[in-house]
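Asks: Have a peek at model.txt (compact mmCIF, C-alpha atoms and all ligand atoms).
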# COMPACT_ATOMS: atom_id res chain seq x y z
CA MET A 211 -46.33 3.58 69.44
CA ALA A 212 -46.06 -0.16 68.77
CA ARG A 213 -42.59 -1.41 67.83
CA VAL A 214 -42.25 -2.51 64.24
CA LEU A 215 -40.43 -5.76 63.68
CA ILE A 216 -39.20 -7.12 60.39
CA ASP A 217 -39.98 -10.75 59.62
CA TYR A 218 -36.81 -11.55 57.72
CA LYS A 219 -38.31 -14.74 56.30
CA SER A 220 -40.02 -12.46 53.81
CA TYR A 221 -36.78 -10.58 53.04
CA PRO A 222 -34.03 -13.25 53.31
CA PHE A 223 -31.56 -11.26 51.16
CA LEU A 224 -31.32 -8.73 54.01
CA ILE A 225 -29.56 -11.24 56.26
CA ASN A 226 -25.86 -11.80 55.83
CA LEU A 227 -24.95 -15.34 54.73
CA ARG A 228 -22.28 -15.69 57.41
CA GLU A 229 -24.72 -14.68 60.16
CA ALA A 230 -27.29 -17.23 59.01
CA LEU A 231 -24.65 -19.97 58.89
CA GLU A 232 -23.42 -19.14 62.37
CA VAL A 233 -26.93 -19.55 63.77
CA LYS A 234 -27.87 -22.73 61.89
CA TYR A 235 -24.60 -24.49 60.99
CA PRO A 236 -21.75 -23.00 63.05
CA GLY A 237 -18.33 -23.69 61.54
CA LEU A 238 -19.71 -24.76 58.14
CA ARG A 239 -19.73 -23.00 54.80
CA ILE A 240 -22.84 -22.92 52.61
CA GLU A 241 -21.15 -25.36 50.18
CA ASP A 242 -20.76 -27.86 53.04
CA VAL A 243 -24.40 -27.51 54.03
CA ILE A 244 -25.91 -28.03 50.59
CA SER A 245 -23.52 -30.88 49.82
CA LEU A 246 -25.20 -32.86 52.59
CA THR A 247 -27.87 -34.96 50.97
CA ASP A 248 -30.83 -33.97 53.03
CA ASN A 249 -31.43 -30.73 54.86
CA TYR A 250 -33.86 -27.83 54.63
CA PRO A 251 -31.76 -25.40 52.54
CA ARG A 252 -30.91 -28.05 49.94
CA ARG A 253 -34.38 -29.54 49.75
CA ARG A 254 -36.26 -26.26 49.64
CA SER A 255 -33.89 -24.49 47.26
CA LEU A 256 -34.23 -27.34 44.75
CA TYR A 257 -37.99 -27.24 45.16
CA LEU A 258 -38.10 -23.46 44.71
CA LEU A 259 -35.95 -23.79 41.61
CA LYS A 260 -38.91 -25.48 39.92
CA THR A 261 -41.52 -22.93 41.05
CA ILE A 262 -39.25 -20.07 40.02
CA ILE A 263 -38.75 -21.47 36.52
CA THR A 264 -42.34 -22.47 35.91
CA LYS A 265 -44.24 -19.72 37.73
CA GLY A 266 -41.69 -17.07 38.75
CA TYR A 267 -43.06 -17.67 42.21
CA ILE A 268 -41.67 -18.16 45.73
CA VAL A 269 -43.88 -20.45 47.78
CA GLU A 270 -44.09 -19.67 51.51
CA GLY A 271 -41.56 -21.74 53.47
CA SER A 272 -41.75 -23.28 56.94
CA GLY A 273 -38.15 -22.49 57.93
CA THR A 274 -36.79 -19.78 60.20
CA SER A 275 -35.38 -16.51 58.83
CA GLU A 276 -31.91 -18.06 58.79
CA ASP A 277 -33.19 -21.17 57.00
CA GLU A 278 -34.82 -19.03 54.32
CA THR A 279 -31.62 -16.99 54.00
CA LEU A 280 -29.62 -20.16 53.35
CA VAL A 281 -32.22 -21.28 50.81
CA PHE A 282 -31.93 -17.95 49.01
CA TYR A 283 -28.11 -18.07 48.86
CA SER A 284 -28.13 -21.72 47.75
CA LEU A 285 -30.40 -20.87 44.82
CA LEU A 286 -28.24 -17.93 43.85
CA ILE A 287 -24.98 -19.87 44.13
CA GLY A 288 -26.39 -22.66 41.95
CA ALA A 289 -27.36 -20.24 39.19
CA LYS A 290 -24.06 -18.36 39.46
CA ALA A 291 -21.98 -21.55 39.37
CA LEU A 292 -23.80 -22.57 36.18
CA ASN A 293 -23.27 -19.05 34.81
CA ASP A 294 -26.97 -18.92 34.01
CA LYS A 295 -27.72 -15.19 33.79
CA LYS A 296 -31.33 -15.73 32.76
CA LEU A 297 -31.92 -17.83 35.85
CA ILE A 298 -30.18 -15.31 38.14
CA SER A 299 -32.48 -12.66 36.80
CA LYS A 300 -35.52 -14.90 37.31
CA ILE A 301 -34.49 -15.65 40.90
CA ALA A 302 -34.00 -11.92 41.57
CA LEU A 303 -37.37 -11.08 40.07
CA SER A 304 -39.20 -13.86 41.91
CA TYR A 305 -37.79 -12.75 45.28
CA ALA A 306 -38.47 -9.08 44.51
CA LYS A 307 -42.11 -9.89 43.73
CA TYR A 308 -42.43 -12.16 46.76
CA SER A 309 -41.19 -9.39 49.08
CA SER A 310 -43.38 -6.87 47.33
CA ARG A 311 -46.45 -9.02 48.03
CA LYS A 312 -45.41 -9.20 51.68
CA LEU A 313 -44.81 -5.44 51.85
CA SER A 314 -48.28 -4.70 50.54
CA LYS A 315 -49.62 -6.02 53.86
CA GLU A 316 -47.15 -4.12 56.06
CA PRO A 317 -47.63 -0.74 57.78
CA ILE A 318 -45.83 2.31 56.37
CA PRO A 319 -43.15 2.45 59.15
CA LEU A 320 -42.07 -1.09 58.30
CA ILE A 321 -42.02 -0.32 54.58
CA ILE A 322 -39.72 2.61 55.35
CA MET A 323 -37.49 0.38 57.53
CA ILE A 324 -37.07 -2.10 54.66
CA ALA A 325 -36.37 0.74 52.23
CA ARG A 326 -33.67 2.07 54.55
CA LYS A 327 -32.11 -1.37 54.99
CA LEU A 328 -31.79 -1.43 51.22
CA GLY A 329 -29.99 1.90 51.31
CA LEU A 330 -32.86 4.13 50.20
CA ASP A 331 -33.27 7.47 52.03
CA ALA A 332 -37.02 7.18 52.30
CA GLU A 333 -38.85 8.92 55.14
CA VAL A 334 -42.35 9.47 56.45
CA VAL A 335 -43.39 13.10 56.00
CA LYS A 336 -44.94 14.87 59.00
CA ASN A 337 -47.21 17.19 56.99
CA PRO A 338 -47.57 15.34 53.70
CA PRO A 339 -48.66 17.22 50.59
CA ARG A 340 -52.29 16.69 49.66
CA ILE A 341 -53.76 16.74 46.20
CA PRO A 342 -57.44 17.68 45.87
CA ILE A 343 -59.33 15.08 43.87
CA GLY A 344 -62.92 16.33 44.17
CA VAL A 345 -65.72 17.30 46.50
CA LYS A 346 -67.99 14.94 48.41
CA LYS A 347 -70.87 16.12 50.62
CA ARG A 348 -69.53 19.67 50.30
CA LYS A 349 -66.16 18.58 51.57
CA ALA A 350 -62.99 18.60 49.53
CA GLU A 351 -61.35 15.18 49.12
CA TYR A 352 -57.61 14.69 48.92
CA ILE A 353 -55.03 12.02 48.36
CA THR A 354 -51.90 12.30 50.42
CA LYS A 355 -48.32 11.45 49.56
CA PRO A 356 -46.94 10.44 52.96
CA ILE A 357 -43.46 9.28 51.89
CA ALA A 358 -40.52 11.28 50.58
CA ILE A 359 -37.50 9.99 48.68
CA PRO A 360 -34.60 11.94 47.13
CA VAL A 361 -35.16 12.81 43.46
CA LYS A 362 -31.84 11.22 42.53
CA GLN A 363 -32.83 7.85 43.97
CA TYR A 364 -36.29 8.09 42.48
CA LEU A 365 -34.87 8.70 39.01
CA ARG A 366 -32.39 5.83 39.34
CA LEU A 367 -35.12 3.37 40.38
CA THR A 368 -37.53 4.37 37.63
CA ALA A 369 -34.93 4.59 34.86
CA SER A 370 -35.13 1.03 33.55
CA ARG A 371 -38.18 -1.20 33.89
CA LEU A 372 -40.56 1.57 35.01
CA ALA A 373 -39.37 4.11 32.45
CA ARG A 374 -42.29 3.65 30.08
CA ASP A 375 -45.04 3.74 32.68
CA PRO A 376 -46.43 7.30 33.00
CA LYS A 377 -47.52 6.47 36.55
CA TYR A 378 -43.86 6.71 37.58
CA SER A 379 -42.88 9.67 35.42
CA LEU A 380 -41.36 12.48 37.50
CA ALA A 381 -43.68 14.91 35.73
CA ASN A 382 -46.61 13.20 37.44
CA GLN A 383 -45.17 13.41 40.97
CA ILE A 384 -44.99 16.15 43.56
CA VAL A 385 -41.40 17.32 43.76
CA ASP A 386 -40.13 19.82 46.30
CA ASN A 387 -36.75 20.70 47.69
CA GLY A 388 -34.93 17.75 46.06
CA LYS A 389 -37.54 15.20 47.22
CA VAL A 390 -40.30 13.28 45.50
CA PHE A 391 -43.48 12.73 47.52
CA ILE A 392 -45.13 9.40 46.88
CA ASP A 393 -47.77 7.04 48.24
CA ARG A 394 -47.15 3.59 49.73
CA ASP A 395 -47.90 1.67 46.52
CA ILE A 396 -45.28 3.57 44.57
CA MET A 397 -42.83 3.16 47.45
CA ILE A 398 -43.39 -0.60 47.44
CA ARG A 399 -42.86 -0.74 43.68
CA LEU A 400 -39.60 1.21 44.05
CA ILE A 401 -38.46 -1.19 46.77
CA GLU A 402 -39.24 -4.10 44.44
CA GLU A 403 -36.92 -2.54 41.87
CA GLU A 404 -34.20 -2.05 44.45
CA ILE A 405 -34.47 -5.65 45.65
CA PHE A 406 -34.18 -6.89 42.06
CA LYS A 407 -31.04 -4.80 41.50
CA LYS A 408 -29.55 -5.72 44.85
CA ILE A 409 -29.93 -9.45 44.19
CA LEU A 410 -28.26 -9.09 40.79
CA GLU A 411 -25.36 -7.30 42.50
CA MET A 412 -25.20 -10.00 45.17
CA ALA A 413 -24.94 -12.64 42.46
CA ASP A 414 -22.00 -10.75 40.96
CA SER A 415 -20.05 -10.66 44.19
CA ILE A 416 -21.05 -13.94 45.84
CA GLU A 417 -18.12 -16.23 46.70
CA TYR A 418 -18.12 -20.03 46.87
CA ASP A 419 -15.88 -23.01 46.30
CA ILE A 420 -17.18 -24.71 43.18
CA ASN A 421 -15.22 -27.89 43.92
CA LYS A 422 -17.43 -28.55 46.93
CA LEU A 423 -20.66 -28.06 45.05
CA SER A 424 -20.68 -31.00 42.65
CA SER A 425 -23.45 -33.08 44.23
CA TYR A 426 -25.71 -30.03 44.66
CA LEU A 427 -24.97 -28.74 41.18
CA ASP A 428 -25.67 -32.14 39.58
CA GLU A 429 -29.13 -32.17 41.08
CA TYR A 430 -29.66 -28.48 40.40
CA LYS A 431 -28.72 -28.93 36.72
CA LYS A 432 -30.93 -31.98 36.37
CA ILE A 433 -33.95 -30.16 37.78
CA LEU A 434 -33.21 -27.14 35.63
CA GLU A 435 -33.03 -29.12 32.39
CA GLU A 436 -36.05 -31.22 33.22
CA THR A 437 -38.20 -28.29 34.33
CA ARG A 438 -37.29 -26.18 31.32
CA TRP A 439 -38.03 -29.05 28.98
CA PHE A 440 -41.46 -29.54 30.51
CA GLU A 441 -42.05 -25.80 30.51
CA ARG A 442 -41.24 -25.59 26.77
CA LYS A 443 -43.72 -28.37 26.10
CA GLY A 444 -46.36 -26.65 28.21
CA LEU A 445 -46.47 -29.60 30.63
CA ASP A 446 -46.75 -29.59 34.39
CA LEU A 447 -43.73 -31.33 35.85
CA GLU A 448 -45.33 -32.09 39.20
CA LYS A 449 -48.34 -33.73 37.59
CA ALA A 450 -46.20 -35.58 35.07
CA LYS A 451 -44.05 -37.13 37.78
CA VAL A 452 -46.90 -38.88 39.48
CA ILE A 453 -48.55 -40.11 36.31
CA GLY A 454 -46.80 -43.48 36.11
CA TYR A 455 -47.59 -46.20 33.61
CA ASN A 456 -50.92 -46.48 31.88
CA PRO A 457 -50.88 -48.76 28.79
CA LYS A 458 -54.07 -47.18 27.41
CA ALA A 459 -52.34 -43.82 27.05
CA LEU A 460 -49.25 -45.10 25.20
CA PRO A 461 -48.60 -43.64 21.74
CA PRO A 462 -48.37 -46.27 18.95
CA CYS A 463 -44.54 -46.30 18.96
CA MET A 464 -44.28 -47.17 22.66
CA LYS A 465 -47.20 -49.59 22.46
CA ASN A 466 -45.36 -51.38 19.68
CA LEU A 467 -41.97 -51.43 21.42
CA ILE A 468 -43.42 -52.61 24.73
CA SER A 469 -45.44 -55.30 23.06
CA ARG A 470 -42.32 -56.53 21.25
CA LEU A 471 -40.43 -56.57 24.56
CA GLU A 472 -43.19 -58.67 26.10
CA ASN A 473 -42.95 -61.08 23.17
CA GLY A 474 -39.21 -61.47 23.70
CA ASP A 475 -38.13 -59.64 20.52
CA ASN A 476 -34.58 -58.46 20.20
CA LEU A 477 -34.85 -54.68 20.09
CA SER A 478 -32.16 -52.50 18.49
CA HIS A 479 -29.98 -50.26 20.63
CA HIS A 480 -32.02 -47.15 19.64
CA GLU A 481 -35.30 -48.91 20.41
CA ARG A 482 -34.12 -50.02 23.85
CA PHE A 483 -32.78 -46.58 24.64
CA THR A 484 -35.93 -44.72 23.69
CA VAL A 485 -38.29 -47.09 25.52
CA ALA A 486 -36.12 -47.00 28.69
CA ALA A 487 -35.95 -43.19 28.51
CA PHE A 488 -39.71 -43.04 28.05
CA LEU A 489 -40.41 -45.30 31.04
CA THR A 490 -38.01 -43.46 33.30
CA ASN A 491 -39.54 -40.11 32.37
CA ILE A 492 -43.05 -41.19 33.22
CA GLY A 493 -41.81 -41.96 36.71
CA LEU A 494 -41.03 -45.71 36.80
CA ASP A 495 -38.12 -46.83 38.96
CA THR A 496 -35.24 -48.99 37.73
CA ASP A 497 -36.60 -52.30 39.05
CA THR A 498 -39.95 -51.74 37.36
CA ILE A 499 -38.29 -50.80 34.07
CA LEU A 500 -36.12 -53.94 34.20
CA GLU A 501 -39.31 -56.02 34.37
CA PHE A 502 -40.09 -54.79 30.84
CA PHE A 503 -36.72 -56.02 29.55
CA LYS A 504 -36.65 -59.41 31.26
CA ASN A 505 -37.89 -61.34 28.22
CA THR A 506 -35.28 -60.04 25.78
CA PRO A 507 -33.07 -62.88 24.43
CA ASP A 508 -29.74 -61.48 25.68
CA TYR A 509 -31.04 -60.13 29.02
CA ASN A 510 -28.29 -59.58 31.58
CA GLU A 511 -29.59 -57.88 34.70
CA LYS A 512 -26.27 -56.27 35.68
CA ILE A 513 -25.73 -54.66 32.28
CA ALA A 514 -29.39 -53.73 31.83
CA ARG A 515 -29.52 -52.13 35.30
CA TYR A 516 -26.41 -50.10 34.56
CA GLN A 517 -27.86 -48.88 31.26
CA VAL A 518 -31.27 -47.99 32.71
CA GLU A 519 -29.66 -46.15 35.64
CA HIS A 520 -27.44 -44.28 33.20
CA ILE A 521 -30.46 -43.19 31.14
CA ALA A 522 -32.31 -42.20 34.34
CA GLY A 523 -29.42 -39.92 35.31
CA LEU A 524 -28.43 -42.00 38.33
CA ARG A 525 -24.94 -42.78 37.02
CA GLY A 526 -22.14 -41.35 34.92
CA SER A 527 -22.91 -37.85 33.63
CA ARG A 528 -26.03 -37.79 35.86
CA LYS A 529 -27.99 -36.47 32.93
CA LYS A 530 -31.50 -37.81 32.64
CA TYR A 531 -32.24 -38.62 29.01
CA LEU A 532 -35.49 -38.02 27.18
CA PRO A 533 -36.88 -40.41 24.58
CA TYR A 534 -36.11 -39.46 20.97
CA ASN A 535 -38.46 -36.93 19.50
CA CYS A 536 -40.89 -37.99 16.77
CA ASP A 537 -38.72 -36.82 13.87
CA THR A 538 -35.76 -38.84 15.10
CA MET A 539 -38.05 -41.81 15.74
CA LYS A 540 -39.25 -41.57 12.14
CA SER A 541 -35.73 -41.29 10.72
CA LEU A 542 -34.69 -44.37 12.74
CA GLY A 543 -37.74 -46.30 11.51
CA ILE A 544 -39.18 -46.66 15.04
CA CYS A 545 -42.36 -44.64 14.46
CA PRO A 546 -45.02 -47.01 13.10
CA ILE A 547 -47.33 -44.35 11.63
CA ASN A 548 -47.09 -42.06 8.62
CA ASN A 549 -48.14 -38.75 10.15
CA TYR A 550 -47.91 -37.49 13.70
CA CYS A 551 -50.03 -38.51 16.67
CA GLY A 552 -51.06 -34.99 17.56
CA LYS A 553 -49.58 -31.60 18.16
CA GLY A 554 -46.77 -32.99 20.32
CA ARG A 555 -43.49 -33.95 18.74
CA ASN A 556 -42.26 -36.37 21.38
CA PRO A 557 -43.86 -39.63 22.56
CA LEU A 558 -43.83 -38.23 26.10
CA THR A 559 -45.88 -35.22 25.10
CA ILE A 560 -48.39 -37.47 23.39
CA TYR A 561 -48.54 -39.75 26.44
CA TYR A 562 -49.21 -36.85 28.82
CA TYR A 563 -51.80 -35.45 26.45
CA ASN A 564 -53.57 -38.83 26.32
CA ILE A 565 -53.48 -39.11 30.11
CA ARG A 566 -54.96 -35.64 30.45
CA LYS A 567 -57.73 -36.47 28.01
CA MET A 568 -58.51 -39.70 29.86
CA LYS A 569 -58.67 -37.83 33.18
CA ASP A 570 -60.98 -35.21 31.68
CA ARG A 571 -63.28 -37.98 30.48
CA GLU A 572 -63.26 -39.61 33.93
CA GLU A 573 -64.11 -36.28 35.54
CA VAL A 574 -67.09 -35.85 33.21
CA VAL A 575 -68.38 -39.31 34.19
CA GLU A 576 -67.81 -38.67 37.92
CA ASN A 577 -69.67 -35.38 37.80
S1 LIG B 1 -45.69 -39.70 15.90
FE1 LIG B 1 -44.31 -39.69 17.62
S2 LIG B 1 -45.54 -40.36 19.32
FE2 LIG B 1 -46.66 -40.88 17.49
S3 LIG B 1 -46.06 -42.96 17.09
FE3 LIG B 1 -44.70 -41.67 15.93
S4 LIG B 1 -42.97 -41.38 17.25
FE4 LIG B 1 -44.60 -42.16 18.49
Could you quickly redo this structure as structure tokens?
Ligand code: SF4

Replies:
Amino acid sequence: MARVLIDYKSYPFLINLREALEVKYPGLRIEDVISLTDNYPRRRSLYLLKTIITKGYIVEGSGTSEDETLVFYSLLIGAKALNDKKLISKIALSYAKYSSRKLSKEPIPLIIMIARKLGLDAEVVKNPPRIPIGVKKRKAEYITKPIAIPVKQYLRLTASRLARDPKYSLANQIVDNGKVFIDRDIMIRLIEEEIFKKILEMADSIEYDINKLSSYLDEYKKILEETRWFERKGLDLEKAKVIGYNPKALPPCMKNLISRLENGDNLSHHERFTVAAFLTNIGLDTDTILEFFKNTPDYNEKIARYQVEHIAGLRGSRKKYLPYNCDTMKSLGICPINNYCGKGRNPLTIYYYNIRKMKDREEVVEN
């Protein structure tokens, strides 16, 4: 019989953090690794943070099993350090679903191995019970239940999120001698539950030195806030980042402010702030943004650079600011129109909407 091997990349929570560190970064702690500015665990964990928030999805990685283990722990430590229970739960669920997808392509012996590694007493049954489901060409047809699991474990795993689904009700299973007999799909679903619970427990007990995490946490927090903001607005962060500056898509407020900057007008503090925040959020870098401010009467490059970098989250609190929303713009007298531009309530939303519409129009012409 062929040997069954587990590809731990698909189940990184099964590898001990210390073991993974010893293989990849001997002598270092995970805090030391992710404090370094550029390495696989830091880069990929921050990338996955976005896909987990927006899609609840783990994208396949190119790292080794140990790399993926370090990525997993980095993500979990970030969420734990920020005391973000909702995020911990989302990470746990995303990994549980990712592993479940992988398990659906694995043979039964490997599914059982994973179940056992998670502490479940699952086993393959030699003479599995068969349930007759009909007759075809004069022959009785059956479905088999080739896996057995103790009733106690089965009840524990189906007690919360699966409780309302009759498919998992004990009354609909074959039970004999303290064991429930199930098929591979139900086993995989139970494993998914166990992974979810296990990751939540791991988050409870994980240890780290928060003092060594500041640079990682700053970036983590920034991505979290930014991604959630875009998610609330129904926008795609990845697309938004590459959009850049397109004067035709500007909402009237930004058109007006930018035109006044070009004419050398002296903008108020609020006006400067909101236009700089707008430009930084559509992906312009500091030097490009400074070009917009060069004609202002009191322009001082050193001060302007500091302020723009502060708004872009590159200095001080490292928080990236958003432009004021439309209601604030109206109350400050910066919005030049009486109603609203559209459904969005922030100039950024309107800008992205306009860009999308322009792209749709281009696509129609190209086709
Ligand atoms: S409604 Fe909002 S986006 Fe439109 S001009 Fe006013 S502030 Fe700008």

Asks: Counting only C-alpha atoms and all ligand atoms, which residues of chain A fall within 7 Å of ligand LIG 1 (chain B), and what is the closest atom pair for each with its distance in Å at one decimal, ordered by chain and rising number, as CSV?

Replies:
residue,atom,partner,partner_atom,distance
A:Pro461,CA,B:LIG1,S2,5.1
A:Pro462,CA,B:LIG1,S3,4.4
A:Cys463,CA,B:LIG1,S3,4.1
A:Met464,CA,B:LIG1,FE4,6.5
A:Asn535,CA,B:LIG1,S4,6.7
A:Cys536,CA,B:LIG1,FE1,3.9
A:Met539,CA,B:LIG1,S4,5.2
A:Lys540,CA,B:LIG1,S4,6.3
A:Ile544,CA,B:LIG1,S4,6.9
A:Cys545,CA,B:LIG1,FE3,4.1
A:Pro546,CA,B:LIG1,S3,5.8
A:Ile547,CA,B:LIG1,FE3,5.7
A:Asn549,CA,B:LIG1,S1,6.3
A:Tyr550,CA,B:LIG1,S1,3.8
A:Cys551,CA,B:LIG1,FE2,4.2
A:Arg555,CA,B:LIG1,FE1,5.9
A:Asn556,CA,B:LIG1,FE1,5.4
A:Pro557,CA,B:LIG1,S2,3.7
A:Ile560,CA,B:LIG1,S2,5.7

Asks: Have a look at A:Asp428, A:Ile321, A:Gly266, A:Pro251 and name the one nearest to Gly526 in chain A; count all atoms listed in the file.

Replies: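 Once distances to Gly526 in chain A are computed over all atoms listed in the file, the minimum belongs to A:Asp428.
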
Asks: Excluding Thr506 in chain A and its own-chain neighbours fewer than 3 positions away, which residues fall within 7 Å of it when counting all atoms listed in the file? Please give them as a PyMOL selection string.

Replies: chain A and resi 471+474-476+503+509

Asks: Which residues come within 12 Å of Tyr308 in chain A, counting only C-alpha atoms, excluding same-chain residues fewer than 5 positions away, as a PyMOL selection string?

Replies: chain A and resi 219-223+262+265-271+301-303+313-315+398-399+401-402+405-406

Asks: Nearest residue to Ile240 in chain A out of A:Lys349, A:Ala332, A:Ile416, A:Lys408, using all atoms listed in the file?

Replies: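 Checking each of A:Lys349, A:Ala332, A:Ile416, A:Lys408 against Ile240 in chain A, counting all atoms listed in the file, the winner is A:Ile416.
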
Asks: Write out as a ChimeraX atom specification which residues come within 12 Å of Ile298 in chain A when counting all atoms listed in the file, dropping same-chain ones fewer than 3 positions away.

Replies: /A:259,262-263,266,282-295,301-305,406-414

Asks: Rank nothing, just name the residue among A:Lys530, A:Lys389, A:Arg438, A:Lys567 nearest to Thr261 in chain A, using all atoms listed in the file.

Replies: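 That would be A:Arg438, the residue with the smallest distance to Thr261 in chain A.
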
Asks: Enter the distance from CA of Arg366 in chain A to CA of Ser415 in chain A, in Å, rounded to one decimal.

Replies: 21.2 Å

Asks: Go through A:Glu403, A:Asp277, A:Glu417, A:Glu351 and flag the residue nearest Thr368 in chain A, using only C-alpha atoms for the distances.

Replies: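 Comparing A:Glu403, A:Asp277, A:Glu417, A:Glu351 against Thr368 in chain A, the winner is A:Glu403.
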
Asks: Using all atoms listed in the file for the distances, tell me which of A:Leu524, A:Leu320, A:Val518, A:Leu365 is nearest to Leu400 in chain A.

Replies: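 Selected residue with least distance to Leu400 in chain A: A:Leu365.
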
Asks: With all atoms listed in the file as the counted atoms, please give the residues lying no more than 7 Å from Arg254 in chain A, apart from itself and same-chain residues fewer than 4 positions off, as a PyMOL selection string.

Replies: chain A and resi 250+258+281

Asks: So that I can check the surroundings of Ile396 in chain A, please list as a PyMOL selection string every protein, DNA and RNA residue that reaches within 10 Å of it, counting all atoms listed in the file and ignoring chain neighbours fewer than 5 positions away.

Replies: chain A and resi 355+357+377-378+391+401-402

Asks: Please compute the CA of Arg326 in chain A-CA of Leu280 in chain A distance, one decimal, in Å.

Replies: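 Interatomic distance here is 22.6 Å.
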
Asks: Just how far from CA of Ile322 in chain A is CA of Gln383 in chain A, in Å to one decimal?

Replies: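 Pair CA of Gln383 in chain A / CA of Ile322 in chain A returns 18.8 Å.
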
Asks: With all atoms listed in the file as the atoms that count, which of A:Arg394, A:Arg470, A:Arg374, A:Lys458 lies nearest to Arg566 in chain A?

Replies: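 The closest residue to Arg566 in chain A is A:Lys458.
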